[in-house]
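Pasted below: my_file21.txt, compact mmCIF, C-alpha atoms.
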# COMPACT_ATOMS: atom_id res chain seq x y z
CA MET F 162 69.16 48.31 86.22
CA THR F 163 66.24 50.52 87.27
CA LEU F 164 68.12 51.73 90.31
CA MET F 165 71.17 52.55 88.23
CA LEU F 166 68.97 54.50 85.85
CA ILE F 167 67.43 56.42 88.72
CA THR F 168 70.89 57.25 90.08
CA ALA F 169 72.08 58.30 86.63
CA ILE F 170 69.06 60.59 86.18
CA LEU F 171 69.66 62.06 89.64
CA GLY F 172 73.28 62.66 88.67
CA VAL F 173 72.36 64.36 85.41
CA ILE F 174 69.79 66.60 87.12
CA SER F 175 72.39 67.44 89.76
CA ILE F 176 74.98 68.42 87.12
CA ILE F 177 72.47 70.51 85.15
CA TYR F 178 71.39 72.31 88.34
CA CYS F 179 75.03 72.99 89.22
CA LEU F 180 75.78 74.39 85.75
CA ILE F 181 72.67 76.60 85.79
CA SER F 182 73.64 77.92 89.23
CA VAL F 183 77.18 78.77 88.11
CA LYS F 184 75.86 80.41 84.93
CA LEU F 185 73.41 82.56 86.95
CA LEU F 186 76.21 83.48 89.34
CA TYR F 187 78.58 84.64 86.60
CA ARG F 188 75.84 86.48 84.75
CA TYR F 189 75.11 88.45 87.91
CA ILE F 190 78.71 89.19 88.90
CA ASN F 191 79.64 90.24 85.37
CA LYS F 192 76.70 92.62 85.34
CA TYR F 193 77.53 94.19 88.70
CA ARG F 194 81.30 94.15 89.06
CA PHE F 195 83.30 95.13 92.09
CA ASP F 196 86.99 95.82 92.29
CA GLU F 197 87.90 92.62 94.12
CA SER F 198 91.56 93.64 94.38
CA LYS F 199 90.51 95.93 97.23
CA TYR F 200 88.71 93.17 99.04
CA THR F 201 90.32 90.71 101.48
CA MET F 202 89.64 87.22 100.11
CA LEU F 203 87.80 84.60 102.10
CA PHE F 204 90.37 82.93 104.40
CA GLY F 205 92.97 85.00 102.60
CA PHE F 206 93.06 82.97 99.40
CA LEU F 207 89.61 81.73 98.32
CA ARG F 208 88.23 83.42 95.21
CA LEU F 209 84.76 82.89 93.83
CA ARG F 210 86.09 81.10 90.76
CA TYR F 211 87.79 78.46 92.97
CA ILE F 212 84.45 77.84 94.66
CA ALA F 213 82.71 77.56 91.27
CA MET F 214 85.38 75.11 89.97
CA ALA F 215 85.20 73.02 93.15
CA TYR F 216 81.40 72.99 92.94
CA ILE F 217 81.29 71.75 89.35
CA SER F 218 84.05 69.16 89.79
CA LEU F 219 82.70 67.71 93.05
CA ILE F 220 79.17 67.41 91.66
CA ILE F 221 80.43 65.64 88.54
CA VAL F 222 82.63 63.29 90.59
CA LEU F 223 79.75 62.48 92.94
CA ALA F 224 77.29 61.90 90.08
CA VAL F 225 79.64 59.60 88.15
CA SER F 226 80.94 57.66 91.17
CA SER F 227 77.48 57.13 92.65
CA THR F 228 76.11 55.88 89.29
CA VAL F 229 79.03 53.46 88.93
CA PHE F 230 78.65 52.34 92.54
CA VAL F 231 74.92 51.64 92.21
CA TYR F 232 75.56 49.84 88.91
CA TYR F 233 78.04 47.47 90.51
CA ILE F 234 75.97 46.74 93.62
CA THR F 235 72.94 45.89 91.51
CA LEU F 236 74.86 43.52 89.21
CA MET Y 178 87.08 119.99 81.79
CA ASN Y 179 86.12 117.02 84.00
CA ALA Y 180 83.42 114.81 82.54
CA GLU Y 181 81.17 113.46 85.28
CA VAL Y 182 81.32 109.68 85.42
CA ASP Y 183 77.93 108.00 85.14
CA HIS Y 184 77.72 105.37 87.89
CA THR Y 185 74.13 104.33 87.15
CA ASN Y 186 73.74 100.62 88.01
CA GLN Y 187 77.49 100.19 87.74
CA HIS Y 188 78.07 98.10 90.86
CA PHE Y 189 74.55 97.33 92.00
CA LYS Y 190 71.01 97.77 90.74
CA GLY Y 191 69.70 101.14 91.83
CA GLN Y 192 73.05 102.92 91.96
CA HIS Y 193 72.56 106.60 91.13
CA LYS Y 194 74.43 108.56 88.51
CA SER Y 195 76.73 110.44 90.87
CA GLU Y 196 76.84 107.75 93.54
CA ALA Y 197 80.37 106.34 93.83
CA VAL Y 198 81.20 103.24 95.84
CA SER Y 199 83.66 104.17 98.54
CA CYS Y 200 84.18 100.68 99.90
CA PHE Y 201 82.38 97.36 100.22
CA CYS Y 202 82.69 94.30 102.38
CA ARG Y 203 81.20 90.90 102.95
CA LYS Y 204 80.41 89.40 106.32
CA HIS Y 205 83.25 87.94 108.35
CA TRP Y 206 84.08 84.31 107.57
CA ILE Y 207 82.83 83.31 111.03
CA VAL Y 208 79.30 83.14 109.59
CA LEU Y 209 80.41 80.16 107.47
CA ILE Y 210 81.90 78.08 110.27
CA LYS Y 211 78.79 75.92 110.68
CA ASP Y 212 78.57 75.27 106.93
CA PHE Y 213 82.26 74.42 106.61
CA ALA Y 214 82.00 72.07 109.59
CA GLY Y 215 79.14 70.26 107.85
CA PHE Y 216 81.11 70.11 104.62
CA ILE Y 217 84.14 68.65 106.39
CA VAL Y 218 81.91 65.97 107.94
CA LEU Y 219 80.46 65.20 104.48
CA LEU Y 220 83.90 65.05 102.90
CA SER Y 221 85.18 62.81 105.71
CA LEU Y 222 82.28 60.41 105.18
CA LEU Y 223 83.05 60.28 101.45
CA ILE Y 224 86.73 59.64 102.17
CA LEU Y 225 85.83 56.91 104.67
CA THR Y 226 83.57 55.38 102.01
CA GLY Y 227 86.59 55.27 99.74
CA ILE Y 228 88.83 53.78 102.42
CA TYR Y 229 86.37 51.12 103.56
CA PHE Y 230 84.96 50.67 100.07
CA LYS Y 231 85.19 46.87 100.05
CA GLY Y 232 83.16 46.45 103.23
CA ILE Y 233 80.57 49.02 102.14
CA TYR Y 234 80.35 47.43 98.70
CA ASN Y 235 79.81 43.96 100.21
CA PHE Y 236 77.09 45.34 102.47
CA PHE Y 237 75.19 47.10 99.71
CA SER Y 238 75.66 44.22 97.25
CA GLN Y 239 73.31 42.04 99.27
CA ASP Y 240 70.26 40.92 97.38
CA SER Y 241 67.85 43.12 99.25
CA PRO Y 242 65.72 45.83 97.62
CA PHE Y 243 65.67 47.72 100.91
CA ILE Y 244 69.46 47.98 100.98
CA ASN Y 245 69.56 49.00 97.31
CA VAL Y 246 67.00 51.75 97.89
CA ALA Y 247 68.93 52.81 101.01
CA ALA Y 248 72.03 53.21 98.80
CA ILE Y 249 70.16 55.57 96.47
CA VAL Y 250 68.71 57.52 99.39
CA ILE Y 251 72.22 57.97 100.83
CA VAL Y 252 73.50 59.13 97.43
CA GLY Y 253 70.59 61.58 97.26
CA ILE Y 254 71.35 62.94 100.73
CA PHE Y 255 75.04 63.45 99.88
CA THR Y 256 74.10 65.25 96.65
CA PHE Y 257 71.59 67.47 98.43
CA PHE Y 258 74.05 68.54 101.14
CA LEU Y 259 76.78 69.20 98.62
CA HIS Y 260 74.51 71.51 96.63
CA LYS Y 261 73.32 73.18 99.84
CA PHE Y 262 76.89 73.89 100.95
CA PHE Y 263 78.04 75.44 97.69
CA LEU Y 264 74.88 77.51 97.30
CA ARG Y 265 75.50 78.84 100.81
CA ILE Y 266 79.07 79.85 99.87
CA ILE Y 267 77.78 81.53 96.70
CA ARG Y 268 75.19 83.37 98.78
CA TYR Y 269 77.98 84.53 101.10
CA PHE Y 270 79.76 86.11 98.12
CA LEU Y 271 76.56 87.79 96.91
CA GLU Y 272 75.65 89.34 100.26
CA ILE Y 273 77.54 92.60 100.22
CA ILE Y 274 77.53 95.74 102.34
CA ILE Y 275 78.32 98.77 100.21
CA ILE Y 276 79.24 102.19 101.52
CA THR Y 277 78.83 104.93 98.94
CA ASN Y 278 79.14 108.69 99.15
CA PHE Y 279 75.33 108.90 99.66
CA ARG Y 280 74.23 105.85 101.60
CA VAL Y 281 74.91 102.47 103.13
CA VAL Y 282 73.42 99.70 101.01
CA VAL Y 283 73.02 96.13 102.23
CA LEU Y 284 72.56 93.63 99.41
CA ASN Y 285 70.98 90.41 100.56
CA LYS Y 286 70.92 88.10 97.60
CA SER Y 287 70.88 84.42 96.77
CA LEU Y 288 70.84 82.79 93.34
CA TYR Y 289 67.21 81.74 93.30
CA LEU Y 290 65.17 82.73 96.31
CA LYS Y 291 66.34 86.03 97.72
CA ASP Y 292 66.99 89.46 96.26
CA SER Y 293 66.56 92.20 98.79
CA LYS Y 294 68.21 95.55 99.29
CA ASP Y 295 68.28 97.89 102.25
CA ALA Y 296 69.59 101.44 101.83
CA THR Y 297 70.23 103.95 104.58
CA ASP Y 298 70.92 107.56 103.58
CA LEU Y 299 74.00 108.98 105.26
CA PRO Y 300 72.39 112.28 106.35
CA LYS Y 301 69.68 110.27 108.14
CA VAL Y 302 72.27 108.50 110.27
CA GLN Y 303 72.30 110.30 113.59
CA ASP Y 304 74.56 107.99 115.52
CA ILE Y 305 76.90 105.08 114.85
CA GLN Y 306 77.95 102.56 117.43
CA LYS Y 307 80.61 99.92 117.04
CA ARG Y 308 80.19 96.78 119.13
CA GLN Y 309 83.04 94.33 119.41
CA ASN Y 310 82.41 92.20 122.48
CA GLY Y 311 84.01 88.97 123.54
CA ILE Y 312 87.30 87.21 122.94
CA LEU Y 313 86.30 85.82 119.55
CA GLN Y 314 85.20 89.16 118.11
CA ASN Y 315 88.28 90.99 119.34
CA PHE Y 316 90.70 88.24 118.37
CA LEU Y 317 89.21 87.70 114.92
CA ARG Y 318 88.52 91.43 114.39
CA TYR Y 319 84.83 91.51 113.59
CA GLY Y 320 81.81 93.11 115.20
CA ASP Y 321 78.50 94.91 114.75
CA LEU Y 322 77.79 98.43 113.59
CA GLU Y 323 74.60 99.97 114.91
CA LEU Y 324 73.23 102.93 112.94
CA THR Y 325 70.67 105.08 114.75
CA LEU Y 326 68.46 106.99 112.35
CA SER Y 327 67.37 110.52 113.12
CA SER Y 328 63.98 110.41 111.41
CA SER Y 329 62.33 107.55 113.28
CA SER Y 330 64.79 106.74 116.07
CA THR Y 331 65.04 103.23 114.71
CA THR Y 332 68.34 101.43 114.53
CA LYS Y 333 69.85 99.40 111.78
CA VAL Y 334 72.36 96.81 112.83
CA LEU Y 335 75.04 95.51 110.48
CA THR Y 336 76.19 92.25 112.04
CA ASN Y 337 79.47 90.37 111.70
CA ILE Y 338 81.29 93.16 109.88
CA PRO Y 339 85.01 92.49 109.40
CA ASN Y 340 87.38 95.24 110.53
CA PRO Y 341 84.61 97.30 112.13
CA ASP Y 342 86.98 100.15 113.09
CA TYR Y 343 87.66 100.93 109.46
CA HIS Y 344 84.01 100.83 108.42
CA PHE Y 345 82.96 102.85 111.46
CA SER Y 346 85.36 105.67 110.59
CA LYS Y 347 84.51 105.40 106.91
CA ILE Y 348 80.80 105.95 107.49
CA ASN Y 349 81.56 108.88 109.81
CA GLN Y 350 83.91 110.42 107.28
CA LEU Y 351 81.49 110.06 104.38
CA LYS Y 352 78.62 111.42 106.45
CA SER Y 353 80.67 114.54 107.37
CA GLU Y 354 81.69 115.02 103.75
CA TYR Y 355 78.11 114.69 102.59
CA LEU Y 356 76.85 117.22 105.16
CA ARG Y 357 79.70 119.62 104.41
CA GLY Y 358 79.00 119.36 100.69
CA SER Y 359 75.30 119.84 101.31
CA LEU Y 360 76.01 122.94 103.44
CA LEU Y 361 78.23 124.42 100.72
CA ARG Y 362 75.61 123.73 98.06
CA ASN Y 363 72.90 125.43 100.14
CA ARG Y 364 75.14 128.43 100.78
CA LYS Y 365 75.91 128.82 97.07
CA LYS Y 366 72.23 128.48 96.27
CA THR Y 367 71.31 131.22 98.78
CA GLU Y 368 74.03 133.51 97.41
CA ASN Y 369 72.85 132.96 93.86
CA VAL Y 370 69.27 133.73 94.81
CA LYS Y 371 70.38 136.91 96.61
CA LYS Y 372 72.39 138.02 93.54
CA GLU Y 373 69.40 137.50 91.29
CA ASN Y 374 67.03 139.31 93.66
CA LYS Y 375 69.42 142.27 94.00
CA ASN Y 376 68.78 143.36 90.41
CA HIS Y 377 65.07 142.55 90.40
CA PRO Y 378 62.87 145.68 90.40
CA PHE Y 379 60.05 144.15 92.43
CA ILE Y 380 61.96 142.49 95.17
CA GLU Y 381 63.32 144.15 98.34
CA PRO Y 382 64.82 147.61 98.07
CA THR Y 383 68.59 147.83 98.51
CA PHE Y 384 70.41 150.25 100.77
CA GLU Y 385 71.21 152.42 97.73
CA GLY Y 386 67.54 153.10 97.28
CA SER Y 387 64.61 151.40 95.68
CA ARG Y 388 64.35 151.27 91.99
CA THR Y 389 61.39 152.88 90.34
CA ILE Y 390 59.82 151.52 87.21

Could you spell out this file's structure in structure tokens?
Amino acid sequence: MTLMLITAILGVISIIYCLISVKLLYRYINKYRFDESKYTMLFGFLRLRYIAMAYISLIIVLAVSSTVFVYYITL
Amino acid sequence: MNAEVDHTNQHFKGQHKSEAVSCFCRKHWIVLIKDFAGFIVLLSLLILTGIYFKGIYNFFSQDSPFINVAAIVIVGIFTFFLHKFFLRIIRYFLEIIIITNFRVVVLNKSLYLKDSKDATDLPKVQDIQKRQNGILQNFLRYGDLELTLSSSSTTKVLTNIPNPDYHFSKINQLKSEYLRGSLLRNRKKTENVKKENKNHPFIEPTFEGSRTI
């Protein structure tokens, strides 16, 4: 139970850190905007918002799955 | 009547009022190869964990505190590397090289730890060299731009610039325009001063004869 709690806390901290990072990122890029239509995207298709969405979703998936995994192995 | 657009801090902190961004770029994607390779390894390990889940689950389900702690440590390592990868990608997007009508600005920024700026005035650039050596650089179209400064004979090197031909000619073009504009401004200033001095009673007699008070 303790280990599951530790994993859950780690997951929550990880998600909060991810959300703060994305918030800081958008605050900065909204303040200092560039005309991205004139810029060749990373690998031709990757925009910053795809990276931000992938970041948030992967962190949430990892936090949830690792908590569930540790819960079941400690049962 | 044309109203002058105020560009102050429009695209980056420290942008002057009449400073317009001509173009900007980020480093070539080749700088991210190492990070993407690490991410692919991480993702593969996670996928393998999913595929061989039963075996991994049986191993970690053993009644051993060491194995349980090892499971948490592994989870922690995965989380750390995932954060590290995405913060690196975000930093890639925030590191921008901006070419304006006055200077070349290199923004070196991360979300938490770094926020530095390096500006090189165009009139101070004496020489520009484009270096695109090797198969990889020529095939993937990236290279280095070396700016030699006139004031201190130091050089500033912009590494891993995509499409270096374009940026090389852009800097040259903007530098010429700046110097031409500066020359015209000086000429107008000199002419204006001469016009003012022509009618001044105390300053230099004209060919028509000096004025007397």

**Prompt:** Hey, can you check how far CA of Ile266 in chain Y sits from CA of Leu209 in chain Y?
**Reply:**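 Separation of CA of Ile266 in chain Y and CA of Leu209 in chain Y: 7.7 Å.
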
Using only C-alpha atoms, determine which residues lie at most 12 Å from range 211-215 of chain F, disregarding the query and same-chain residues fewer than 2 positions distant; provide the list as a JSON list (two decimals) with C-alpha atoms, keeping the file's coordinate frame.
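The result, written out as result_22.json:
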[["chain", "number", "residue", "atom", "x", "y", "z"],
["F", 179, "CYS", "CA", 75.03, 72.99, 89.22],
["F", 180, "LEU", "CA", 75.78, 74.39, 85.75],
["F", 181, "ILE", "CA", 72.67, 76.60, 85.79],
["F", 182, "SER", "CA", 73.64, 77.92, 89.23],
["F", 183, "VAL", "CA", 77.18, 78.77, 88.11],
["F", 184, "LYS", "CA", 75.86, 80.41, 84.93],
["F", 185, "LEU", "CA", 73.41, 82.56, 86.95],
["F", 186, "LEU", "CA", 76.21, 83.48, 89.34],
["F", 187, "TYR", "CA", 78.58, 84.64, 86.60],
["F", 202, "MET", "CA", 89.64, 87.22, 100.11],
["F", 203, "LEU", "CA", 87.80, 84.60, 102.10],
["F", 206, "PHE", "CA", 93.06, 82.97, 99.40],
["F", 207, "LEU", "CA", 89.61, 81.73, 98.32],
["F", 208, "ARG", "CA", 88.23, 83.42, 95.21],
["F", 209, "LEU", "CA", 84.76, 82.89, 93.83],
["F", 217, "ILE", "CA", 81.29, 71.75, 89.35],
["F", 218, "SER", "CA", 84.05, 69.16, 89.79],
["F", 219, "LEU", "CA", 82.70, 67.71, 93.05],
["F", 220, "ILE", "CA", 79.17, 67.41, 91.66],
["F", 221, "ILE", "CA", 80.43, 65.64, 88.54],
["F", 222, "VAL", "CA", 82.63, 63.29, 90.59],
["F", 223, "LEU", "CA", 79.75, 62.48, 92.94],
["Y", 259, "LEU", "CA", 76.78, 69.20, 98.62],
["Y", 260, "HIS", "CA", 74.51, 71.51, 96.63],
["Y", 262, "PHE", "CA", 76.89, 73.89, 100.95],
["Y", 263, "PHE", "CA", 78.04, 75.44, 97.69],
["Y", 264, "LEU", "CA", 74.88, 77.51, 97.30],
["Y", 265, "ARG", "CA", 75.50, 78.84, 100.81],
["Y", 266, "ILE", "CA", 79.07, 79.85, 99.87],
["Y", 267, "ILE", "CA", 77.78, 81.53, 96.70],
["Y", 268, "ARG", "CA", 75.19, 83.37, 98.78],
["Y", 269, "TYR", "CA", 77.98, 84.53, 101.10],
["Y", 270, "PHE", "CA", 79.76, 86.11, 98.12]]

Determine the axis-aligned bounding box of all atoms of range 208-214 of chain Y present in the file, pad each side by 5 Å, and express its centre and edge lengths in Å to one decimal place as AutoDock Vina command-line options.
--center_x 80.4 --center_y 77.6 --center_z 108.6 --size_x 13.7 --size_y 21.1 --size_z 14.1

Restrict the distance test to all atoms listed in the file, flag each residue of chain F within 6 Å of chain Y, and return the flagged residues as an mmCIF file with C-alpha atoms, in the frame of the given file.
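Output file part_33.cif follows:
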data_model
loop_
_atom_site.group_PDB
_atom_site.id
_atom_site.type_symbol
_atom_site.label_atom_id
_atom_site.label_comp_id
_atom_site.auth_asym_id
_atom_site.auth_seq_id
_atom_site.Cartn_x
_atom_site.Cartn_y
_atom_site.Cartn_z
ATOM 1 C CA TYR F 193 77.530 94.190 88.700
ATOM 2 C CA ARG F 194 81.300 94.150 89.060
ATOM 3 C CA ILE F 234 75.970 46.740 93.620
#

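For the choices Y:Leu313, Y:Leu290, Y:Leu335, Y:Val281, the atom-to-atom distance to Asn349 in chain Y is smallest for Y:Val281 when using all atoms listed in the file.
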
**Between CA of Leu219 in chain Y and CA of Thr163 in chain F - distance in Å to one decimal** =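 Straight-line distance from CA of Thr163 in chain F to CA of Leu219 in chain Y works out to 26.7 Å.
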
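The gap separating CA of Pro341 in chain Y from CA of Pro300 in chain Y is 20.2 Å, in Å to one decimal.
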
**Request:** Choose the residue, out of Y:Arg362, Y:Gly191, Y:Tyr343, Y:Ser328, that has the smallest atom-to-atom separation from Ser293 in chain Y; count all atoms listed in the file.
**Result:**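 Distance minimum relative to Ser293 in chain Y lands on Y:Gly191.
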
**Message:** Using all atoms listed in the file - which residues lie no farther than 7 Å from the point (77.8, 107.7, 89.0) in the file's frame? Write them as an MDAnalysis selection string.
**Reply:** chainID Y and resid 182:185 193:197

Please write the residues from the selection above to a file, keeping C-alpha atoms, as a PDB file, keeping the file's coordinate frame.
ATOM      1  CA  VAL Y 182      81.320 109.680  85.420  1.00  0.00           C
ATOM      2  CA  ASP Y 183      77.930 108.000  85.140  1.00  0.00           C
ATOM      3  CA  HIS Y 184      77.720 105.370  87.890  1.00  0.00           C
ATOM      4  CA  THR Y 185      74.130 104.330  87.150  1.00  0.00           C
ATOM      5  CA  HIS Y 193      72.560 106.600  91.130  1.00  0.00           C
ATOM      6  CA  LYS Y 194      74.430 108.560  88.510  1.00  0.00           C
ATOM      7  CA  SER Y 195      76.730 110.440  90.870  1.00  0.00           C
ATOM      8  CA  GLU Y 196      76.840 107.750  93.540  1.00  0.00           C
ATOM      9  CA  ALA Y 197      80.370 106.340  93.830  1.00  0.00           C
TER      10      ALA Y 197
END

**Asked** Mind listing as a PyMOL selection string all residues within 8 Å of (71.3, 57.9, 90.4), counting only C-alpha atoms?
**Response** (chain F and resi 164-172+224+227-228+231) or (chain Y and resi 249+252-253)
